[in-house]
$ cat query.txt   # compact mmCIF, C-alpha atoms and all ligand atoms
# COMPACT_ATOMS: atom_id res chain seq x y z
CA MET C 1 -4.79 20.91 80.72
CA LYS C 2 -6.48 21.20 84.13
CA VAL C 3 -8.63 24.30 84.43
CA LEU C 4 -10.27 25.86 87.45
CA VAL C 5 -13.50 27.73 86.63
CA VAL C 6 -14.49 30.44 89.08
CA ASN C 7 -17.78 32.30 89.40
CA ALA C 8 -17.40 34.92 92.12
CA GLY C 9 -20.52 36.69 93.38
CA SER C 10 -20.82 39.31 96.09
CA SER C 11 -21.12 36.72 98.86
CA SER C 12 -20.35 33.46 97.11
CA LEU C 13 -17.59 31.75 95.20
CA LYS C 14 -18.53 28.84 92.96
CA PHE C 15 -15.86 26.67 91.39
CA THR C 16 -15.55 23.72 89.02
CA PHE C 17 -12.26 21.98 88.35
CA PHE C 18 -11.89 20.26 84.96
CA ARG C 19 -9.48 17.86 83.37
CA MET C 20 -9.87 19.18 79.84
CA SER C 21 -8.21 16.29 78.02
CA ARG C 22 -11.47 14.41 78.76
CA GLU C 23 -13.67 17.43 79.47
CA GLU C 24 -14.24 15.82 82.82
CA MET C 25 -15.39 17.59 85.98
CA MET C 26 -13.02 16.49 88.77
CA ALA C 27 -14.52 18.51 91.63
CA LYS C 28 -16.91 21.38 92.14
CA GLY C 29 -18.53 23.32 94.90
CA ILE C 30 -19.41 26.63 96.44
CA VAL C 31 -18.54 28.78 99.42
CA GLU C 32 -21.67 30.71 100.35
CA ARG C 33 -22.44 33.57 102.71
CA ILE C 34 -18.89 34.94 102.48
CA GLY C 35 -18.59 37.84 104.91
CA LEU C 36 -22.06 37.13 106.30
CA LYS C 37 -23.39 35.03 109.19
CA ASP C 38 -22.65 31.28 109.04
CA PRO C 39 -20.54 30.97 105.88
CA HIS C 40 -20.67 27.48 104.45
CA LEU C 41 -18.68 25.26 102.08
CA VAL C 42 -20.02 22.49 99.87
CA TYR C 43 -17.38 20.47 98.02
CA LYS C 44 -18.21 17.56 95.70
CA ARG C 45 -15.84 15.22 93.99
CA ARG C 46 -16.60 13.50 90.68
CA ASP C 47 -17.03 10.12 92.40
CA GLY C 48 -19.76 11.47 94.69
CA VAL C 49 -17.61 12.12 97.78
CA GLN C 50 -19.03 15.26 99.36
CA VAL C 51 -17.94 17.57 102.16
CA GLU C 52 -20.15 20.18 103.78
CA GLU C 53 -18.80 22.32 106.57
CA ASP C 54 -18.89 25.71 108.22
CA ALA C 55 -16.41 27.97 106.49
CA PRO C 56 -14.78 30.62 108.66
CA VAL C 57 -14.29 33.04 105.75
CA THR C 58 -14.70 36.78 105.46
CA ASN C 59 -13.55 37.39 101.89
CA HIS C 60 -12.83 35.74 98.52
CA ASP C 61 -9.17 35.13 99.41
CA ASP C 62 -10.22 33.06 102.46
CA ALA C 63 -12.80 31.20 100.39
CA LEU C 64 -10.27 30.36 97.71
CA ARG C 65 -7.77 29.15 100.32
CA LEU C 66 -10.41 26.83 101.70
CA ILE C 67 -11.23 25.47 98.23
CA CYS C 68 -7.53 24.99 97.45
CA GLY C 69 -7.15 23.09 100.71
CA LYS C 70 -9.89 20.68 99.61
CA LEU C 71 -8.46 20.22 96.10
CA VAL C 72 -5.18 18.92 97.59
CA ASP C 73 -6.63 17.28 100.71
CA PRO C 74 -5.27 13.70 100.94
CA ALA C 75 -8.73 12.37 101.85
CA VAL C 76 -11.04 14.25 99.47
CA GLY C 77 -8.74 16.09 97.05
CA VAL C 78 -8.19 15.52 93.34
CA VAL C 79 -4.62 16.74 92.80
CA ALA C 80 -1.32 16.18 94.59
CA SER C 81 -0.31 19.81 94.30
CA LEU C 82 -1.88 23.13 93.34
CA SER C 83 0.73 23.43 90.60
CA GLU C 84 -1.62 21.13 88.64
CA VAL C 85 -4.02 24.08 88.28
CA GLU C 86 -2.76 25.22 84.88
CA ALA C 87 -5.28 27.93 84.04
CA ILE C 88 -8.27 29.70 85.57
CA GLY C 89 -11.42 30.74 83.73
CA HIS C 90 -13.66 33.40 85.23
CA ARG C 91 -17.29 34.16 84.59
CA VAL C 92 -17.57 37.92 84.12
CA VAL C 93 -21.09 39.24 83.69
CA HIS C 94 -20.58 42.42 81.63
CA GLY C 95 -18.04 43.00 78.91
CA ALA C 96 -20.00 45.84 77.25
CA GLU C 97 -18.80 46.56 73.68
CA LYS C 98 -15.18 46.28 74.74
CA PHE C 99 -15.18 42.48 74.86
CA ARG C 100 -16.57 40.58 71.89
CA ASP C 101 -14.69 37.46 72.91
CA SER C 102 -13.09 35.79 75.90
CA VAL C 103 -9.71 37.24 76.80
CA ARG C 104 -6.59 36.52 78.82
CA ILE C 105 -6.58 38.87 81.81
CA ASP C 106 -3.82 41.42 82.31
CA GLY C 107 -3.75 44.84 83.95
CA GLU C 108 -5.39 46.53 80.97
CA VAL C 109 -8.19 43.95 80.80
CA ARG C 110 -8.75 44.24 84.55
CA ALA C 111 -9.11 48.01 84.21
CA ALA C 112 -11.55 47.60 81.31
CA ILE C 113 -13.68 45.11 83.27
CA HIS C 114 -13.70 47.64 86.09
CA LEU C 115 -14.96 50.32 83.67
CA CYS C 116 -17.78 47.98 82.57
CA SER C 117 -18.94 47.95 86.22
CA THR C 118 -21.07 51.04 85.59
CA LEU C 119 -23.33 48.74 83.53
CA ALA C 120 -23.29 45.85 86.05
CA PRO C 121 -22.53 47.41 89.44
CA LEU C 122 -23.68 44.34 91.39
CA HIS C 123 -21.80 41.77 89.35
CA ASN C 124 -18.57 43.01 87.76
CA PRO C 125 -16.89 44.19 91.01
CA PRO C 126 -17.22 40.77 92.74
CA ASN C 127 -16.24 39.00 89.48
CA LEU C 128 -13.10 41.12 89.49
CA GLY C 129 -12.61 40.36 93.19
CA GLY C 130 -12.51 36.67 92.25
CA VAL C 131 -9.91 37.36 89.55
CA GLU C 132 -7.69 39.26 91.96
CA ALA C 133 -8.00 36.57 94.63
CA CYS C 134 -6.91 33.97 92.06
CA GLU C 135 -3.98 36.10 90.94
CA ARG C 136 -2.80 36.20 94.57
CA ALA C 137 -3.44 32.50 95.23
CA PHE C 138 -1.96 31.23 91.93
CA PRO C 139 0.90 33.55 90.96
CA GLY C 140 2.02 33.00 87.37
CA VAL C 141 -1.10 31.05 86.36
CA ALA C 142 -3.07 32.50 83.41
CA ASN C 143 -6.54 33.89 84.11
CA VAL C 144 -9.14 34.17 81.34
CA ALA C 145 -12.34 36.23 81.43
CA VAL C 146 -15.44 34.77 79.76
CA PHE C 147 -18.25 37.31 79.44
CA ASP C 148 -22.02 36.69 79.63
CA THR C 149 -22.47 39.42 77.04
CA ALA C 150 -19.80 38.46 74.48
CA PHE C 151 -21.74 35.93 72.38
CA HIS C 152 -24.43 38.56 71.73
CA GLN C 153 -21.98 41.14 70.39
CA THR C 154 -22.74 40.08 66.81
CA MET C 155 -26.15 41.81 66.89
CA ALA C 156 -26.65 44.58 64.35
CA PRO C 157 -27.44 48.13 65.49
CA GLU C 158 -31.11 47.77 64.55
CA ALA C 159 -31.32 44.90 67.04
CA TYR C 160 -29.28 46.38 69.87
CA LEU C 161 -30.22 50.07 69.79
CA TYR C 162 -33.19 51.41 71.71
CA ALA C 163 -35.34 53.98 69.97
CA VAL C 164 -34.06 56.86 72.10
CA PRO C 165 -31.72 59.71 71.15
CA TYR C 166 -28.47 58.26 69.81
CA LYS C 167 -26.51 60.45 72.21
CA LEU C 168 -27.61 58.22 75.10
CA TYR C 169 -25.89 55.32 73.39
CA GLU C 170 -22.79 57.39 72.70
CA ASP C 171 -22.56 59.00 76.13
CA TYR C 172 -23.75 56.22 78.43
CA GLY C 173 -23.66 53.00 76.43
CA ILE C 174 -27.46 52.71 76.60
CA ARG C 175 -28.20 49.71 74.32
CA LYS C 176 -29.11 46.06 74.46
CA TYR C 177 -26.20 43.79 75.46
CA GLY C 178 -27.94 40.51 76.33
CA PHE C 179 -26.83 37.96 78.94
CA HIS C 180 -26.56 34.17 79.41
CA GLY C 181 -24.29 34.30 76.34
CA THR C 182 -22.08 31.48 77.60
CA SER C 183 -25.11 29.22 77.90
CA HIS C 184 -26.58 30.22 74.52
CA LYS C 185 -23.21 29.56 72.90
CA PHE C 186 -22.81 26.19 74.59
CA VAL C 187 -26.27 24.92 73.66
CA ALA C 188 -26.05 26.25 70.11
CA GLY C 189 -22.86 24.21 69.63
CA ALA C 190 -24.31 21.17 71.38
CA ALA C 191 -27.53 21.44 69.33
CA ALA C 192 -25.48 21.35 66.12
CA GLU C 193 -23.72 18.23 67.37
CA PHE C 194 -27.04 16.65 68.36
CA LEU C 195 -28.57 17.44 64.96
CA ASN C 196 -25.36 16.27 63.30
CA ARG C 197 -25.11 19.43 61.24
CA PRO C 198 -22.51 22.20 61.19
CA LEU C 199 -23.44 25.17 63.35
CA HIS C 200 -22.73 27.53 60.44
CA SER C 201 -25.58 25.91 58.48
CA LEU C 202 -28.21 26.21 61.23
CA LYS C 203 -30.80 28.74 62.30
CA LEU C 204 -31.60 28.22 65.99
CA ILE C 205 -33.83 29.74 68.61
CA THR C 206 -32.21 29.02 71.97
CA CYS C 207 -34.28 29.39 75.14
CA HIS C 208 -32.41 29.49 78.45
CA LEU C 209 -35.14 29.07 81.04
CA GLY C 210 -33.80 29.10 84.60
CA ASN C 211 -34.46 31.53 87.41
CA GLY C 212 -33.46 34.14 84.88
CA CYS C 213 -34.81 33.47 81.38
CA SER C 214 -33.66 34.61 77.96
CA ALA C 215 -34.06 33.61 74.32
CA ALA C 216 -31.68 34.18 71.42
CA ALA C 217 -31.93 33.99 67.65
CA VAL C 218 -28.72 32.36 66.43
CA ARG C 219 -28.11 32.46 62.67
CA PHE C 220 -25.20 30.36 61.41
CA GLY C 221 -23.53 30.52 64.84
CA ARG C 222 -24.01 34.27 65.35
CA VAL C 223 -26.59 35.93 67.55
CA ILE C 224 -28.87 38.30 65.65
CA ASP C 225 -31.14 39.14 68.58
CA THR C 226 -31.68 38.24 72.22
CA SER C 227 -34.35 39.01 74.76
CA MET C 228 -32.41 40.50 77.67
CA GLY C 229 -31.41 44.12 77.32
CA MET C 230 -29.01 46.61 78.82
CA THR C 231 -29.73 44.72 82.03
CA PRO C 232 -31.11 41.20 82.63
CA LEU C 233 -34.52 42.69 83.48
CA MET C 234 -35.86 42.77 79.94
CA GLY C 235 -37.58 40.10 77.89
CA LEU C 236 -39.20 36.92 79.11
CA VAL C 237 -41.22 36.48 82.30
CA MET C 238 -38.71 35.13 84.87
CA GLY C 239 -38.76 33.72 88.39
CA THR C 240 -38.81 37.12 90.07
CA ARG C 241 -38.14 39.59 87.21
CA CYS C 242 -40.90 41.18 85.19
CA GLY C 243 -39.28 41.06 81.76
CA ASP C 244 -40.82 43.43 79.20
CA ILE C 245 -42.92 46.20 80.67
CA ASP C 246 -44.12 49.56 79.39
CA PRO C 247 -41.58 52.10 80.75
CA GLY C 248 -44.58 54.38 81.30
CA VAL C 249 -45.49 52.13 84.25
CA LEU C 250 -42.31 53.29 85.99
CA PHE C 251 -43.24 56.99 85.66
CA HIS C 252 -46.67 56.18 86.94
CA LEU C 253 -45.37 54.35 90.02
CA LEU C 254 -42.74 57.03 90.70
CA LYS C 255 -45.52 59.61 90.66
CA LYS C 256 -47.47 57.42 93.10
CA GLY C 257 -44.57 57.86 95.57
CA MET C 258 -42.39 54.82 94.97
CA THR C 259 -38.65 55.45 95.08
CA VAL C 260 -36.18 54.28 92.47
CA ASP C 261 -34.94 51.62 94.90
CA ASP C 262 -38.53 50.46 95.52
CA LEU C 263 -38.97 50.03 91.76
CA ASP C 264 -35.69 48.17 91.45
CA THR C 265 -36.72 45.68 94.14
CA LEU C 266 -40.27 45.41 92.80
CA LEU C 267 -39.29 44.62 89.22
CA ASN C 268 -36.18 42.51 89.91
CA LYS C 269 -37.15 40.59 93.03
CA LYS C 270 -40.92 40.68 93.50
CA SER C 271 -42.26 40.35 89.99
CA GLY C 272 -42.26 37.62 87.34
CA LEU C 273 -43.79 34.28 88.32
CA ARG C 274 -43.44 35.19 91.98
CA GLY C 275 -45.25 38.50 91.67
CA VAL C 276 -48.11 37.19 89.58
CA ALA C 277 -48.72 33.84 91.28
CA GLU C 278 -48.93 35.19 94.83
CA ILE C 279 -47.87 31.89 96.37
CA GLY C 280 -44.64 33.23 97.91
CA SER C 281 -42.41 31.57 95.31
CA GLY C 282 -41.22 32.12 91.76
CA ASP C 283 -39.84 28.60 91.45
CA MET C 284 -41.45 26.86 88.47
CA ARG C 285 -41.89 23.62 90.44
CA ASP C 286 -43.98 25.50 93.03
CA ILE C 287 -45.89 27.32 90.29
CA LEU C 288 -46.76 24.01 88.59
CA ALA C 289 -47.86 22.42 91.88
CA ALA C 290 -49.97 25.47 92.79
CA ARG C 291 -51.48 25.50 89.31
CA GLU C 292 -52.52 21.86 89.76
CA ALA C 293 -53.98 22.66 93.18
CA GLY C 294 -55.67 25.83 91.93
CA THR C 295 -53.80 27.96 94.48
CA GLY C 296 -53.23 31.70 94.06
CA ARG C 297 -52.79 32.97 90.52
CA ALA C 298 -50.32 30.28 89.53
CA ALA C 299 -52.32 29.34 86.43
CA SER C 300 -52.16 32.93 85.26
CA ALA C 301 -48.41 33.15 85.98
CA PHE C 302 -47.82 29.97 83.97
CA ALA C 303 -49.96 31.21 81.09
CA MET C 304 -48.08 34.53 80.98
CA PHE C 305 -44.74 32.73 81.02
CA VAL C 306 -45.76 30.62 78.04
CA HIS C 307 -47.42 33.49 76.16
CA ARG C 308 -44.34 35.72 76.37
CA LEU C 309 -42.02 32.91 75.32
CA VAL C 310 -44.18 32.01 72.32
CA PHE C 311 -44.20 35.71 71.37
CA TYR C 312 -40.38 35.78 71.30
CA ILE C 313 -40.08 32.46 69.49
CA GLY C 314 -42.47 33.72 66.80
CA GLY C 315 -40.55 36.98 66.52
CA TYR C 316 -37.21 35.24 66.22
CA HIS C 317 -38.60 32.79 63.67
CA GLY C 318 -39.50 35.86 61.61
CA LEU C 319 -36.12 37.57 62.10
CA LEU C 320 -34.31 34.37 61.16
CA ASP C 321 -36.57 33.91 58.14
CA GLY C 322 -37.41 30.41 59.35
CA ALA C 323 -35.53 28.24 61.81
CA ASP C 324 -34.26 24.67 62.01
CA ALA C 325 -34.61 24.07 65.73
CA LEU C 326 -35.90 25.44 68.99
CA VAL C 327 -33.60 24.61 71.90
CA PHE C 328 -34.80 24.32 75.51
CA THR C 329 -32.23 24.62 78.29
CA GLY C 330 -31.82 25.83 81.91
CA GLY C 331 -33.56 24.30 84.95
CA ILE C 332 -37.04 24.81 83.48
CA GLY C 333 -36.18 24.11 79.84
CA GLU C 334 -34.34 20.90 80.71
CA ASN C 335 -36.80 19.56 83.27
CA SER C 336 -40.28 20.95 82.87
CA VAL C 337 -42.43 18.66 80.73
CA PRO C 338 -45.55 20.89 81.07
CA VAL C 339 -43.73 24.10 80.08
CA ARG C 340 -42.26 22.50 76.94
CA ALA C 341 -45.63 20.95 76.10
CA ALA C 342 -47.53 24.22 76.53
CA VAL C 343 -45.03 26.17 74.41
CA ILE C 344 -44.81 23.63 71.60
CA ALA C 345 -48.60 23.27 71.51
CA ARG C 346 -48.69 26.87 70.29
CA LEU C 347 -46.13 26.40 67.50
CA ALA C 348 -47.99 24.22 64.99
CA GLY C 349 -48.11 27.22 62.65
CA LEU C 350 -44.30 27.27 62.63
CA GLY C 351 -44.12 23.58 61.77
CA CYS C 352 -43.30 22.35 65.28
CA ARG C 353 -45.41 19.53 66.72
CA LEU C 354 -45.07 18.00 70.18
CA ASP C 355 -44.24 14.33 70.58
CA ALA C 356 -45.76 13.85 74.03
CA ALA C 357 -44.03 10.52 74.68
CA ARG C 358 -40.62 11.93 73.75
CA ASN C 359 -41.31 14.99 75.89
CA HIS C 360 -42.07 12.82 78.94
CA ALA C 361 -39.12 10.55 78.36
CA ALA C 362 -36.57 13.32 77.63
CA ARG C 363 -33.44 13.05 79.78
CA GLY C 364 -30.31 14.87 78.73
CA ALA C 365 -30.11 15.87 75.07
CA ALA C 366 -33.33 14.78 73.33
CA GLU C 367 -35.74 15.68 70.57
CA VAL C 368 -39.26 16.37 71.81
CA SER C 369 -40.95 17.20 68.49
CA THR C 370 -42.39 14.74 65.98
CA ASP C 371 -40.30 13.40 63.09
CA ASP C 372 -42.36 15.38 60.57
CA SER C 373 -41.76 18.72 62.36
CA THR C 374 -39.98 21.21 60.11
CA LEU C 375 -39.02 23.23 63.18
CA LYS C 376 -37.49 20.70 65.55
CA ALA C 377 -37.79 21.15 69.33
CA ILE C 378 -34.86 19.76 71.28
CA VAL C 379 -33.69 19.74 74.89
CA ILE C 380 -29.99 20.41 75.45
CA PRO C 381 -28.63 20.51 79.02
CA THR C 382 -26.47 23.60 79.40
CA ASN C 383 -23.00 23.56 80.93
CA GLU C 384 -21.75 27.09 81.38
CA GLU C 385 -18.77 25.96 83.47
CA LEU C 386 -17.54 23.61 80.77
CA MET C 387 -18.00 26.37 78.19
CA ILE C 388 -15.84 28.70 80.32
CA ALA C 389 -13.18 25.98 80.63
CA ARG C 390 -13.27 25.41 76.84
CA GLU C 391 -12.95 29.13 76.21
CA THR C 392 -10.01 29.27 78.62
CA VAL C 393 -8.21 26.50 76.75
CA ARG C 394 -9.00 28.13 73.38
CA VAL C 395 -7.79 31.60 74.42
CA LEU C 396 -4.55 30.22 75.85
CA ALA C 397 -3.75 27.96 72.90
CA PRO C 398 -0.87 29.23 70.73
CA PRO C 399 -2.37 31.34 67.88
CA ASP C 400 -1.52 28.89 65.10
CA ASN C 401 -3.13 26.11 67.13
CA ARG C 402 -6.35 27.96 67.81
CA PRO C 403 -9.60 26.72 66.22
CA ALA C 404 -11.40 29.47 64.28
P1 LIG C 501 -30.36 29.47 87.63
O1 LIG C 501 -30.96 30.34 86.59
O2 LIG C 501 -30.34 30.11 88.99
O3 LIG C 501 -29.07 28.80 87.22
P2 LIG C 501 -31.67 26.94 87.08
O4 LIG C 501 -31.18 26.92 85.68
O5 LIG C 501 -31.24 25.85 88.00
O6 LIG C 501 -31.40 28.31 87.83
O7 LIG C 501 -33.26 26.94 87.01
C1 LIG C 501 -34.06 27.10 88.13
C2 LIG C 501 -35.51 26.90 87.71
O8 LIG C 501 -35.63 25.59 87.16
C3 LIG C 501 -36.51 27.03 88.83
O9 LIG C 501 -37.63 27.76 88.41
C4 LIG C 501 -36.90 25.58 89.06
O10 LIG C 501 -38.21 25.47 89.50
C5 LIG C 501 -36.81 25.03 87.67
N1 LIG C 501 -36.77 23.57 87.70
C6 LIG C 501 -35.80 22.74 88.12
N2 LIG C 501 -36.20 21.45 88.05
C7 LIG C 501 -37.48 21.49 87.57
C8 LIG C 501 -38.47 20.50 87.26
N3 LIG C 501 -38.21 19.20 87.45
N4 LIG C 501 -39.66 20.92 86.79
C9 LIG C 501 -39.91 22.22 86.61
N5 LIG C 501 -39.04 23.19 86.87
C10 LIG C 501 -37.84 22.83 87.34

$ encode --input "query.txt" --output "structure tokens" --more "lines below"
Ligand code: ADP
Amino acid sequence: MKVLVVNAGSSSLKFTFFRMSREEMMAKGIVERIGLKDPHLVYKRRDGVQVEEDAPVTNHDDALRLICGKLVDPAVGVVASLSEVEAIGHRVVHGAEKFRDSVRIDGEVRAAIHLCSTLAPLHNPPNLGGVEACERAFPGVANVAVFDTAFHQTMAPEAYLYAVPYKLYEDYGIRKYGFHGTSHKFVAGAAAEFLNRPLHSLKLITCHLGNGCSAAAVRFGRVIDTSMGMTPLMGLVMGTRCGDIDPGVLFHLLKKGMTVDDLDTLLNKKSGLRGVAEIGSGDMRDILAAREAGTGRAASAFAMFVHRLVFYIGGYHGLLDGADALVFTGGIGENSVPVRAAVIARLAGLGCRLDAARNHAARGAAEVSTDDSTLKAIVIPTNEELMIARETVRVLAPPDNRPA
């Protein structure tokens, strides 16, 4: 089966086209700045052929048309006809409690995703826009929604409820949902393969460290807790998000004259590594370089990032009653030797010891702890697009053919 994976944002449309018989990416790319000044297309084929051009697009339908044109283009395309697109998988950010699993999209599902928009007003509407554009561009082709929140739906109430009046949960759905679920699910499965053990026998702590960062405690394939909350603002220190903060700080700043929108921008866009380091960037590569050079407060930002992560790892180790492996993924987790080293250096008490040579040499899936570590530390590159394509194939398989 050939599957198109679509991730539609408010002004961008990312796509990856897979041949699933080999789990092979055939082409991928992005249309950016849709409806803004100077929209732009980047299209890459598996063999390295790349096209970059101005994209005269004002909406997702235009963007999709442009992408379709490239997929069948005699010079750079990968299929003879669009009829080879057999299914489409969509990243949808919020599935609330309604969606515990990926689902084939119909009118009812579309309406339910729309209802979940109250919890993700910036993400679900454009995700849905991408679905509708695909329905128009590929009539009769099945669309599947894969939710960032779904993998975390196995948490128990004591993990997902906030200690506020229960009515807030009942009336407004105020609870922890967690995000990055597609990535946590992918790396949990890949970690089991790497360790050559069944997922249902493993206790894992998965750490997705990208621009947004989250950790999850995964017991026998099911999430028992995760660090992001009702929104992706909670938990770890991130590129520009604060992560955990005393809610009393918000009252204090509101009383000082800040507006709700000011607070939103402050905590989502101007905090985290960026806010602390004061070097004009929340990118971990810049933080590491500034820390080396002694610029700004980059050393403090780095130390806070590590401290918070170690705090969560320790907590999850406790909740899991011991763990088999710690999994690093995301741009930072996969690439940053100093971050992994600094975190693992703090975990000797949990039985995890750094193998510095392995950590330096790690490329792709790799163990970075010593052989005698009882808590293994491994790097697993994430692949959310492939996970969405796999989910699409699984959901569309005839029921008696579907893996459990
Ligand atoms: P997103 O969450 O937007 O998908 P990524 O998973 O690509 O982002 O992660 C982006 C982060 O990964 C940035 O902080 C970037 O600095 C970091 N990163 C990427 N490569 C490296 C590297 N070689 N060393 C340290 N950090 C890196």

$ closest_atom_pairs --input "query.txt" --of "chain C" --to "ligand LIG 501 (chain C)" --cutoff "9 Å" --atoms "all atoms listed in the file" --output "CSV"
residue,atom,partner,partner_atom,distance
C:His208,CA,C:LIG501,O4,7.8
C:Leu209,CA,C:LIG501,O4,6.5
C:Gly210,CA,C:LIG501,O7,3.3
C:Asn211,CA,C:LIG501,O1,3.8
C:Gly212,CA,C:LIG501,O1,4.9
C:Cys213,CA,C:LIG501,O1,7.2
C:Met238,CA,C:LIG501,O9,8.2
C:Gly239,CA,C:LIG501,O9,6.1
C:Leu273,CA,C:LIG501,O9,9.0
C:Gly282,CA,C:LIG501,O9,6.6
C:Asp283,CA,C:LIG501,O9,3.9
C:Met284,CA,C:LIG501,O10,3.7
C:Arg285,CA,C:LIG501,O10,4.2
C:Asp286,CA,C:LIG501,O10,6.8
C:Ile287,CA,C:LIG501,O10,7.9
C:Leu288,CA,C:LIG501,C9,7.4
C:Thr329,CA,C:LIG501,O4,7.8
C:Gly330,CA,C:LIG501,O4,4.0
C:Gly331,CA,C:LIG501,O8,3.3
C:Ile332,CA,C:LIG501,O8,4.0
C:Gly333,CA,C:LIG501,O8,7.5
C:Glu334,CA,C:LIG501,C7,7.6
C:Asn335,CA,C:LIG501,N3,4.4
C:Ser336,CA,C:LIG501,C9,4.0
C:Val337,CA,C:LIG501,N4,7.0
C:Pro338,CA,C:LIG501,C9,8.0
C:Val339,CA,C:LIG501,C9,7.8
C:Thr382,CA,C:LIG501,O4,8.5

$ closest_residue --input "query.txt" --among "C:Tyr166, C:Tyr316, C:Phe328, C:Phe18" --to "C:Ser227" --atoms "all atoms listed in the file"
C:Tyr316

$ atom_distance --input "query.txt" --atom1 "atom CA of C:Leu347" --atom2 "atom CA of C:Leu326"
10.4 Å

$ residues_around --input "query.txt" --residues "C:Gly129" --least-positions-apart "5" --cutoff "12 Å" --atoms "all atoms listed in the file" --output "list in words"
Val6, Asn7, Ala8, Gly9, Ser10, Ser11, Ser12, Leu13, Asn59, His60, Asp61, Ala63, Leu64, His90, Arg91, Val92, Arg110, Ile113, His114, Leu122, His123, Asn124, Cys134, Glu135 and Arg136 of chain C

$ write_last_selection --input "query.txt" --atoms "C-alpha atoms" --output "short mmCIF file (atom, residue, chain, number, x, y, z; two decimals), in the frame of the given file"
data_model
loop_
_atom_site.label_atom_id
_atom_site.label_comp_id
_atom_site.auth_asym_id
_atom_site.auth_seq_id
_atom_site.Cartn_x
_atom_site.Cartn_y
_atom_site.Cartn_z
CA VAL C 6 -14.49 30.44 89.08
CA ASN C 7 -17.78 32.30 89.40
CA ALA C 8 -17.40 34.92 92.12
CA GLY C 9 -20.52 36.69 93.38
CA SER C 10 -20.82 39.31 96.09
CA SER C 11 -21.12 36.72 98.86
CA SER C 12 -20.35 33.46 97.11
CA LEU C 13 -17.59 31.75 95.20
CA ASN C 59 -13.55 37.39 101.89
CA HIS C 60 -12.83 35.74 98.52
CA ASP C 61 -9.17 35.13 99.41
CA ALA C 63 -12.80 31.20 100.39
CA LEU C 64 -10.27 30.36 97.71
CA HIS C 90 -13.66 33.40 85.23
CA ARG C 91 -17.29 34.16 84.59
CA VAL C 92 -17.57 37.92 84.12
CA ARG C 110 -8.75 44.24 84.55
CA ILE C 113 -13.68 45.11 83.27
CA HIS C 114 -13.70 47.64 86.09
CA LEU C 122 -23.68 44.34 91.39
CA HIS C 123 -21.80 41.77 89.35
CA ASN C 124 -18.57 43.01 87.76
CA CYS C 134 -6.91 33.97 92.06
CA GLU C 135 -3.98 36.10 90.94
CA ARG C 136 -2.80 36.20 94.57
#

$ closest_residue --input "query.txt" --among "C:Val93, C:Ser102, C:Ala27, C:Phe15" --to "C:Arg394" --atoms "only C-alpha atoms"
C:Ser102

$ closest_residue --input "query.txt" --among "C:Gln50, C:Thr16, C:Thr149, C:Thr295" --to "C:Ile88" --atoms "all atoms listed in the file"
C:Thr16

$ closest_residue --input "query.txt" --among "C:Ile378, C:Ala323, C:Val237, C:Ala365" --to "C:Ala341" --atoms "all atoms listed in the file"
C:Ile378

$ atom_distance --input "query.txt" --atom1 "atom CA of C:Cys116" --atom2 "atom CA of C:Lys98"
8.4 Å

$ atom_distance --input "query.txt" --atom1 "atom CA of C:Met26" --atom2 "atom CA of C:Lys14"
14.2 Å

$ closest_residue --input "query.txt" --among "C:Glu132, C:Asp355, C:Glu367, C:Asp73" --to "C:Ile105" --atoms "all atoms listed in the file"
C:Glu132

$ closest_residue --input "query.txt" --among "C:Pro247, C:Gly229, C:Gly364, C:Pro165" --to "C:His180" --atoms "all atoms listed in the file"
C:Gly229

$ residues_around --input "query.txt" --residues "C:Asp244" --least-positions-apart "6" --cutoff "7 Å" --atoms "all atoms listed in the file" --output "ChimeraX atom specification"
/C:234-236

$ residues_around --input "query.txt" --residues "C:His94" --least-positions-apart "2" --cutoff "12 Å" --atoms "only C-alpha atoms" --output "PyMOL selection string"
chain C and resi 90-92+96-102+112-128+145-153+176-182+229-232

$ residues_around --input "query.txt" --residues "C:Ile205" --least-positions-apart "6" --cutoff "8 Å" --atoms "all atoms listed in the file" --output "VMD selection string"
chain C and resid 215 to 218 313 316 to 317 323 325 to 327

$ residues_around --input "query.txt" --residues "C:Gly275" --least-positions-apart "6" --cutoff "9 Å" --atoms "all atoms listed in the file" --output "PyMOL selection string"
chain C and resi 239-242+266-267+269+281-282+301
